[in-house]
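See structure below.
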Amino acid sequence: ALFVSLAKAKAGEACKLATDEGVQMHGGIGMTDAYDIGFYMKRARAARETFGDFAFHGDRLATLMGY
């Protein structure tokens, strides 16, 4: 469970960074349905809400490690 939370935390953080930078690179137009990056950003947000974001898994790691 410890390594699963660590992997989910790192993957979620990387996914958020990638989608945020993709929207920034497209000058905000990526938020429209004209580009696929808007779709990826919505999916990444749904995944964070469903499976837990970096803060959730960071707290879980701390609890599992006894902090």
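Naming works like this for the structure tokens: A, B, ... for the chains as they're shown, residue 1 at the start of each chain, ligands 1 onward in shown order.
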
Which of range 15-53 of chain A fall in helix (DSSP H, G or I), as a VMD selection string: chain A and resid 15 to 25 29 to 31 36 to 51

I need the chosen residues saved as a PDB file, in the first residue's frame, with C-alpha atoms.
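File produced: selection-v2.pdb:
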```
ATOM      1  CA  CYS A  15      -0.256  14.393 -14.997  1.00  0.00           C
ATOM      2  CA  LYS A  16      -1.366  17.727 -13.523  1.00  0.00           C
ATOM      3  CA  LEU A  17       1.873  19.404 -14.568  1.00  0.00           C
ATOM      4  CA  ALA A  18       1.636  18.008 -18.099  1.00  0.00           C
ATOM      5  CA  THR A  19      -1.957  19.118 -18.655  1.00  0.00           C
ATOM      6  CA  ASP A  20      -1.412  22.552 -17.080  1.00  0.00           C
ATOM      7  CA  GLU A  21       1.645  23.156 -19.255  1.00  0.00           C
ATOM      8  CA  GLY A  22      -0.225  21.913 -22.344  1.00  0.00           C
ATOM      9  CA  VAL A  23      -2.990  24.445 -21.793  1.00  0.00           C
ATOM     10  CA  GLN A  24      -0.417  27.169 -21.137  1.00  0.00           C
ATOM     11  CA  MET A  25       1.450  26.241 -24.317  1.00  0.00           C
ATOM     12  CA  ILE A  29      -7.299  27.981 -26.138  1.00  0.00           C
ATOM     13  CA  GLY A  30      -6.724  24.409 -24.983  1.00  0.00           C
ATOM     14  CA  MET A  31      -9.639  24.903 -22.614  1.00  0.00           C
ATOM     15  CA  ASP A  36      -7.489  17.553 -27.402  1.00  0.00           C
ATOM     16  CA  ILE A  37      -5.571  19.024 -24.459  1.00  0.00           C
ATOM     17  CA  GLY A  38      -8.853  20.251 -22.964  1.00  0.00           C
ATOM     18  CA  PHE A  39     -10.159  16.684 -23.029  1.00  0.00           C
ATOM     19  CA  TYR A  40      -6.987  15.411 -21.351  1.00  0.00           C
ATOM     20  CA  MET A  41      -7.201  18.085 -18.690  1.00  0.00           C
ATOM     21  CA  LYS A  42     -10.794  17.137 -17.877  1.00  0.00           C
ATOM     22  CA  ARG A  43      -9.871  13.455 -17.692  1.00  0.00           C
ATOM     23  CA  ALA A  44      -6.899  14.206 -15.434  1.00  0.00           C
ATOM     24  CA  ARG A  45      -9.126  16.226 -13.111  1.00  0.00           C
ATOM     25  CA  ALA A  46     -11.682  13.407 -12.944  1.00  0.00           C
ATOM     26  CA  ALA A  47      -8.919  10.891 -12.196  1.00  0.00           C
ATOM     27  CA  ARG A  48      -7.586  13.058  -9.346  1.00  0.00           C
ATOM     28  CA  GLU A  49     -11.063  13.314  -7.838  1.00  0.00           C
ATOM     29  CA  THR A  50     -11.715   9.584  -8.221  1.00  0.00           C
ATOM     30  CA  PHE A  51      -8.376   8.091  -7.168  1.00  0.00           C
TER      31      PHE A  51
END
```

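Between CA of Phe56 in chain A and CA of Ala14 in chain A the interatomic distance comes to 15.2 Å.
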
Spatial neighbours of Ala55 in chain A, 12 Å, only C-alpha atoms, chain gap at least 2 places, as number ranges by chain: A: 5-6, 8-10, 12-13, 48-49, 51-53, 57-62

What would the file look like if the residues just selected were written as a CSV table (one decimal), in the first residue's frame with all heavy atoms?
```csv
chain,number,residue,atom,x,y,z
A,5,SER,N,0.6,4.2,-3.0
A,5,SER,CA,0.3,5.6,-2.7
A,5,SER,C,1.4,6.5,-3.3
A,5,SER,O,1.2,7.6,-3.8
A,5,SER,CB,0.1,5.8,-1.3
A,5,SER,OG,-1.2,5.5,-0.9
A,6,LEU,N,2.7,6.1,-3.1
A,6,LEU,CA,3.8,6.8,-3.7
A,6,LEU,C,3.7,7.0,-5.2
A,6,LEU,O,3.8,8.1,-5.7
A,6,LEU,CB,5.1,6.2,-3.3
A,6,LEU,CG,6.4,6.9,-3.7
A,6,LEU,CD1,6.5,8.3,-3.1
A,6,LEU,CD2,7.6,6.1,-3.4
A,8,LYS,N,0.9,6.6,-7.1
A,8,LYS,CA,-0.2,7.4,-7.4
A,8,LYS,C,0.1,8.9,-7.2
A,8,LYS,O,-0.4,9.8,-8.0
A,8,LYS,CB,-1.4,7.0,-6.6
A,8,LYS,CG,-2.0,5.7,-7.1
A,8,LYS,CD,-3.3,5.4,-6.3
A,8,LYS,CE,-3.9,4.1,-6.9
A,8,LYS,NZ,-5.2,3.8,-6.1
A,9,ALA,N,0.8,9.3,-6.1
A,9,ALA,CA,1.1,10.7,-5.9
A,9,ALA,C,2.0,11.2,-7.0
A,9,ALA,O,1.7,12.3,-7.5
A,9,ALA,CB,1.7,10.8,-4.5
A,10,LYS,N,3.0,10.5,-7.3
A,10,LYS,CA,3.9,11.0,-8.4
A,10,LYS,C,3.3,11.0,-9.7
A,10,LYS,O,3.5,12.0,-10.5
A,10,LYS,CB,5.2,10.1,-8.4
A,10,LYS,CG,6.1,10.2,-7.2
A,10,LYS,CD,6.5,11.7,-6.9
A,10,LYS,CE,7.6,12.1,-7.9
A,10,LYS,NZ,8.1,13.4,-7.6
A,12,GLY,N,0.0,11.4,-10.4
A,12,GLY,CA,-0.9,12.5,-10.4
A,12,GLY,C,-0.3,13.8,-10.5
A,12,GLY,O,-0.8,14.7,-11.2
A,13,GLU,N,0.8,14.0,-9.8
A,13,GLU,CA,1.5,15.3,-9.9
A,13,GLU,C,2.1,15.5,-11.3
A,13,GLU,O,2.0,16.6,-11.9
A,13,GLU,CB,2.7,15.3,-8.9
A,13,GLU,CG,3.4,16.6,-8.7
A,13,GLU,CD,4.5,16.5,-7.7
A,13,GLU,OE1,5.1,15.4,-7.5
A,13,GLU,OE2,4.7,17.5,-7.0
A,48,ARG,N,-8.0,12.6,-10.7
A,48,ARG,CA,-7.6,13.1,-9.3
A,48,ARG,C,-8.7,13.0,-8.3
A,48,ARG,O,-8.5,12.6,-7.2
A,48,ARG,CB,-7.1,14.5,-9.4
A,48,ARG,CG,-5.7,14.6,-10.0
A,48,ARG,CD,-5.0,15.9,-9.7
A,48,ARG,NE,-5.8,17.1,-10.1
A,48,ARG,CZ,-5.8,17.6,-11.4
A,48,ARG,NH1,-5.0,17.1,-12.3
A,48,ARG,NH2,-6.5,18.7,-11.6
A,49,GLU,N,-9.9,13.4,-8.7
A,49,GLU,CA,-11.1,13.3,-7.8
A,49,GLU,C,-11.5,11.9,-7.5
A,49,GLU,O,-11.9,11.6,-6.4
A,49,GLU,CB,-12.3,14.0,-8.5
A,49,GLU,CG,-12.1,15.5,-8.6
A,49,GLU,CD,-11.9,16.2,-7.3
A,49,GLU,OE1,-12.6,15.9,-6.3
A,49,GLU,OE2,-11.1,17.2,-7.2
A,51,PHE,N,-9.4,8.9,-7.8
A,51,PHE,CA,-8.4,8.1,-7.2
A,51,PHE,C,-7.5,8.8,-6.1
A,51,PHE,O,-6.6,8.2,-5.5
A,51,PHE,CB,-7.5,7.5,-8.3
A,51,PHE,CG,-8.2,6.7,-9.3
A,51,PHE,CD1,-8.3,7.2,-10.6
A,51,PHE,CD2,-8.9,5.6,-8.9
A,51,PHE,CE1,-9.0,6.4,-11.5
A,51,PHE,CE2,-9.6,4.8,-9.9
A,51,PHE,CZ,-9.7,5.3,-11.2
A,52,GLY,N,-7.7,10.1,-5.9
A,52,GLY,CA,-7.0,10.8,-4.9
A,52,GLY,C,-5.9,11.6,-5.5
A,52,GLY,O,-5.2,11.2,-6.5
A,53,ASP,N,-5.7,12.8,-5.0
A,53,ASP,CA,-4.7,13.7,-5.6
A,53,ASP,C,-3.4,13.6,-4.8
A,53,ASP,O,-3.3,12.7,-3.9
A,53,ASP,CB,-5.2,15.2,-5.6
A,53,ASP,CG,-5.5,15.7,-4.2
A,53,ASP,OD1,-5.5,14.9,-3.3
A,53,ASP,OD2,-5.8,16.9,-4.1
A,57,HIS,N,-2.7,11.4,-1.1
A,57,HIS,CA,-1.7,10.3,-1.1
A,57,HIS,C,-0.5,10.7,-0.2
A,57,HIS,O,0.1,9.8,0.4
A,57,HIS,CB,-1.3,9.8,-2.5
A,57,HIS,CG,-2.4,9.0,-3.1
A,57,HIS,ND1,-2.8,7.8,-2.7
A,57,HIS,CD2,-3.2,9.4,-4.1
A,57,HIS,CE1,-3.8,7.3,-3.4
A,57,HIS,NE2,-4.1,8.3,-4.3
A,58,GLY,N,-0.2,11.9,-0.2
A,58,GLY,CA,0.9,12.4,0.7
A,58,GLY,C,0.5,12.2,2.2
A,58,GLY,O,1.3,11.7,3.0
A,59,ASP,N,-0.7,12.5,2.5
A,59,ASP,CA,-1.2,12.3,3.9
A,59,ASP,C,-1.3,10.8,4.2
A,59,ASP,O,-0.9,10.4,5.3
A,59,ASP,CB,-2.6,12.9,4.1
A,59,ASP,CG,-2.6,14.4,4.1
A,59,ASP,OD1,-1.5,15.0,4.4
A,59,ASP,OD2,-3.6,15.0,3.9
A,60,ARG,N,-1.7,10.0,3.2
A,60,ARG,CA,-1.7,8.6,3.4
A,60,ARG,C,-0.3,8.0,3.6
A,60,ARG,O,-0.2,7.1,4.5
A,60,ARG,CB,-2.4,7.9,2.2
A,60,ARG,CG,-2.7,6.5,2.4
A,60,ARG,CD,-3.6,5.9,1.4
A,60,ARG,NE,-4.0,4.5,1.7
A,60,ARG,CZ,-3.7,3.5,0.9
A,60,ARG,NH1,-3.3,3.7,-0.3
A,60,ARG,NH2,-4.0,2.3,1.2
A,61,LEU,N,0.6,8.5,2.8
A,61,LEU,CA,2.0,8.0,3.0
A,61,LEU,C,2.5,8.3,4.4
A,61,LEU,O,3.1,7.5,5.1
A,61,LEU,CB,2.9,8.7,2.0
A,61,LEU,CG,3.0,8.0,0.6
A,61,LEU,CD1,3.7,8.9,-0.3
A,61,LEU,CD2,3.6,6.7,0.7
A,62,ALA,N,2.2,9.6,4.9
A,62,ALA,CA,2.7,10.0,6.2
A,62,ALA,C,2.0,9.1,7.3
A,62,ALA,O,2.7,8.7,8.2
A,62,ALA,CB,2.3,11.4,6.5
```

A:Phe54, A:Asp33, A:Leu64, A:Gly28 ranked by distance to Phe3 in chain A, top pick (using only C-alpha atoms):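 Nearest candidate to Phe3 in chain A out of A:Phe54, A:Asp33, A:Leu64, A:Gly28: A:Leu64.
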